[in-house]
Amino acid sequence: MASQSSSSTKSNIHNSIRFLQAGILHAIKDLESHWLLFSKGVAGVGQASTSLADLTHYVNDEIHESFVKSDADVLHSTSSTVSFTELAVFVPQSLRISKEQHLDEKILNSVQNFFRYTEAEGKQFFEELDRDGDGQVTLGDLEVAMKKRNLPKKYARFLFHRTRSHLFSNSFRWKQFLSLINQKETTILQAYNNLCLTGSGRLDKTHILTSLKISGLPANEVNATAMLKSLDKDTTRFISYGHFRNFMLLLPSEHLEQNQRIWFETSTSVSAPSVEITTSSVLKSALAGGLSCALSNFIMHPVDTLKTRVQASTLSLPEVVAKLPLIGLRGLYKGSLPAIIGQFSGHALRTGILEVSKLVLVNVAPALSDIQVQSISSFSSTILGTVIRVPSEVMKQRLQAGIFDNVGEAFVDTIHRDGLKGFFRGTGAMLCREVPFYVAGMGLYTEAKKAAQKLLKRELKSYEVIVVGALSGGLVSVATTPFDVIKTRIMTSYQGQSVSMSMVAISIVREEGFFGLFKGAVPRFLWIAPLGAMNFSGCELLRKAMDC
């Protein structure tokens, strides 16, 4: 009996230590009250004294009872002042709190209990991922976890690369996984709180159906049951925050906001409605891009002519402006026909490819951020759209510079002196101008629009979108002016003579100084700012009008 008692005592102490290490400091804080309750009859009526083993066994039961509850129950039992919904607000707030500031003590206790519990849950999930129990999770372990949950295999690579400590590491440990948990915790908590939860902060079949209806996904008993089973491994007929959180930790950070869609697709045989690349949608985007650019270029063509005359000669802007009476309105609109044709065809192609590229990248590489998708799409579409525009740009600039009087004369002379390759003079310089302009310009426009919406806390009005587009285009145009100057000099140089970008750049700096590379920056800004308004924002607004 003594041996059994000793064995029981050691077992109970071991269990107590294990649970205490999991983070239940609250039980120890109330140890005195537990002792009083125990002395009054919890251990048995009439006992004069209690052993350490008996007390350990009692505390162990109390701790275990709190652990088998859902996380929402634990939070509710520790503090009646904070609801699960309010927790979504208090958790990120507690992370930003300074030493001089303090949350209410009861609120802070609830938040601390939340972090203790989620850390313990995270440790348990880490041990589940670590199949061989060596304290390290490999890419293979993650791939098994993804397969078990019907998630794409590539998600394992995304998670592994983000969690490992360095580039050459072939595994990660609990410390790195805990760091990932801390980064994602607030976002996951907010995503869970956005679902239709029960009063206890859980999800049952009825509330899953409601959440599906709100999200516009197929809501029926079969799908709700499948979603319930996919996360509820304990078959308790409800989903707690812990179930949801473990699933969300496996998703790329950029797709946490799509949690319900991804959860739906992985747990059912029905695919969520996806965005299809339709011919009509691509044509509308191409038409909107082509029309907005052609119209804006026609309106601003005189300013472009002034810019070209400044860049193609040694004259300054005031000197060119002084010659306006001699140039006349007809002279200012020289080259407008090839300009309009080139702008419409080139930008229609660029806009169409841009829309297709974005849709493809979102589906093929879901881990990419919005700015990365925008940049890659702009890069590929701008290269193809620019190559189409180069011949018309050569014709336009030679007419604007006064080298030829009409399109027919420019065409015949170019063929005679340079052949077909003459129509592609300055292609390299033009790509160096266009690619940074559209990649940086579209990125700046997209981010500036988001920042303005966040600042104003509403959708931007049409005129505000136009202002953002104008400023984005104007600022980037000044930065790319050197390539514009080089392009103009190459395209308007003597036919039959081979010139390179480096030769032209060195010649300009040697004869006109460094700021010679920025000749025409002012008229270029005045020309591009309205173009930016119409190219970036005008295309978007016109596309929306077509959808109405």
# chains A, B, ... in the order shown; residues from 1 in each chain; ligands from 1
$ residues_around --residues "Met430 (chain A)" --least-positions-apart "3" --cutoff "9 Å" --atoms "only C-alpha atoms" --output "ChimeraX atom specification"
/A:386-387,390,426-427,433-435,483-484,486-488
$ residues_around --residues "region 136-148 of chain A" --least-positions-apart "4" --cutoff "9 Å" --atoms "only C-alpha atoms" --output "list in words"
Phe126, Glu127, Glu128, Leu129, Asp130, Arg131, Asp132, Pro152, Lys153, Lys154, Tyr155, Ala156, Arg157, Leu159, Phe160, Asn170, Ser171, Phe172, Arg173, Trp174 and Leu250 of chain A
$ write_last_selection --atoms "N, CA and C atoms" --output "tab-separated table (two decimals), in the first residue's frame"
chain	number	residue	atom	x	y	z
A	126	PHE	N	2.38	21.96	-32.74
A	126	PHE	CA	3.75	21.75	-33.20
A	126	PHE	C	4.15	20.29	-33.03
A	127	GLU	N	3.77	19.70	-31.90
A	127	GLU	CA	4.09	18.29	-31.66
A	127	GLU	C	3.35	17.38	-32.63
A	128	GLU	N	2.16	17.80	-33.05
A	128	GLU	CA	1.43	17.03	-34.07
A	128	GLU	C	2.15	17.09	-35.42
A	129	LEU	N	2.68	18.26	-35.76
A	129	LEU	CA	3.42	18.41	-37.02
A	129	LEU	C	4.73	17.63	-36.98
A	130	ASP	N	5.37	17.61	-35.82
A	130	ASP	CA	6.66	16.92	-35.64
A	130	ASP	C	6.40	15.41	-35.53
A	131	ARG	N	6.36	14.73	-36.66
A	131	ARG	CA	5.94	13.32	-36.68
A	131	ARG	C	6.90	12.39	-35.95
A	132	ASP	N	8.21	12.65	-36.03
A	132	ASP	CA	9.16	11.74	-35.38
A	132	ASP	C	9.52	12.18	-33.97
A	152	PRO	N	-3.11	22.88	-50.72
A	152	PRO	CA	-2.08	22.75	-51.77
A	152	PRO	C	-0.70	22.46	-51.18
A	153	LYS	N	0.04	21.62	-51.86
A	153	LYS	CA	1.38	21.24	-51.40
A	153	LYS	C	2.30	22.45	-51.32
A	154	LYS	N	2.08	23.42	-52.20
A	154	LYS	CA	2.95	24.60	-52.23
A	154	LYS	C	2.83	25.42	-50.94
A	155	TYR	N	1.70	25.30	-50.22
A	155	TYR	CA	1.56	26.01	-48.95
A	155	TYR	C	2.60	25.55	-47.95
A	156	ALA	N	3.02	24.29	-48.05
A	156	ALA	CA	4.06	23.77	-47.16
A	156	ALA	C	5.36	24.53	-47.38
A	157	ARG	N	5.70	24.79	-48.64
A	157	ARG	CA	6.93	25.54	-48.94
A	157	ARG	C	6.84	26.97	-48.42
A	159	LEU	N	5.06	28.14	-45.92
A	159	LEU	CA	5.14	28.13	-44.46
A	159	LEU	C	6.56	27.82	-43.99
A	160	PHE	N	7.20	26.85	-44.64
A	160	PHE	CA	8.55	26.44	-44.25
A	160	PHE	C	9.54	27.58	-44.45
A	170	ASN	N	17.12	23.25	-42.82
A	170	ASN	CA	16.21	22.25	-43.39
A	170	ASN	C	15.10	21.85	-42.42
A	171	SER	N	14.96	22.62	-41.33
A	171	SER	CA	13.88	22.38	-40.37
A	171	SER	C	13.72	23.62	-39.51
A	172	PHE	N	12.67	23.64	-38.71
A	172	PHE	CA	12.51	24.71	-37.73
A	172	PHE	C	12.05	24.11	-36.40
A	173	ARG	N	12.33	24.84	-35.32
A	173	ARG	CA	12.02	24.36	-33.99
A	173	ARG	C	10.82	25.13	-33.41
A	174	TRP	N	10.46	24.80	-32.17
A	174	TRP	CA	9.31	25.40	-31.51
A	174	TRP	C	9.46	26.92	-31.40
A	250	LEU	N	-1.58	27.26	-41.17
A	250	LEU	CA	-0.98	26.61	-42.33
A	250	LEU	C	-1.13	27.42	-43.61
$ residues_around --residues "region 301-310 of chain A" --least-positions-apart "3" --cutoff "6 Å" --atoms "only C-alpha atoms" --output "list of chain:residue names"
A:Asn297, A:Phe298, A:Ser313, A:Leu315, A:Ser316, A:Leu317, A:Leu332, A:Tyr333, A:Gln400, A:Ala401, A:Gly520, A:Pro523, A:Trp527
$ select_by_dssp --residues "region 129-259 of chain A" --states "strand (DSSP E)" --output "list in words"
Val137, Thr138, Ser171 and Phe172 of chain A
$ residues_around --residues "Thr314 (chain A)" --least-positions-apart "2" --cutoff "12 Å" --atoms "only C-alpha atoms" --output "list of chain:residue names"
A:Thr308, A:Arg309, A:Val310, A:Gln311, A:Ala312, A:Ser316, A:Leu317, A:Pro318, A:Glu319, A:Val320, A:Val485, A:Arg489, A:Ile508, A:Glu511, A:Glu512, A:Gly513, A:Gly516, A:Leu517, A:Lys519, A:Gly520
$ residues_around --residues "Tyr438 (chain A)" --least-positions-apart "6" --cutoff "8 Å" --atoms "only C-alpha atoms" --output "list in words"
Ser378, Phe379 and Thr382 of chain A
$ select_by_dssp --residues "region 160-236 of chain A" --states "alpha helix (DSSP H)" --output "PyMOL selection string"
chain A and resi 160-163+174-193+205-215+221-231
$ atom_distance --atom1 "CA of Thr279 (chain A)" --atom2 "CA of Lys358 (chain A)"
15.0 Å
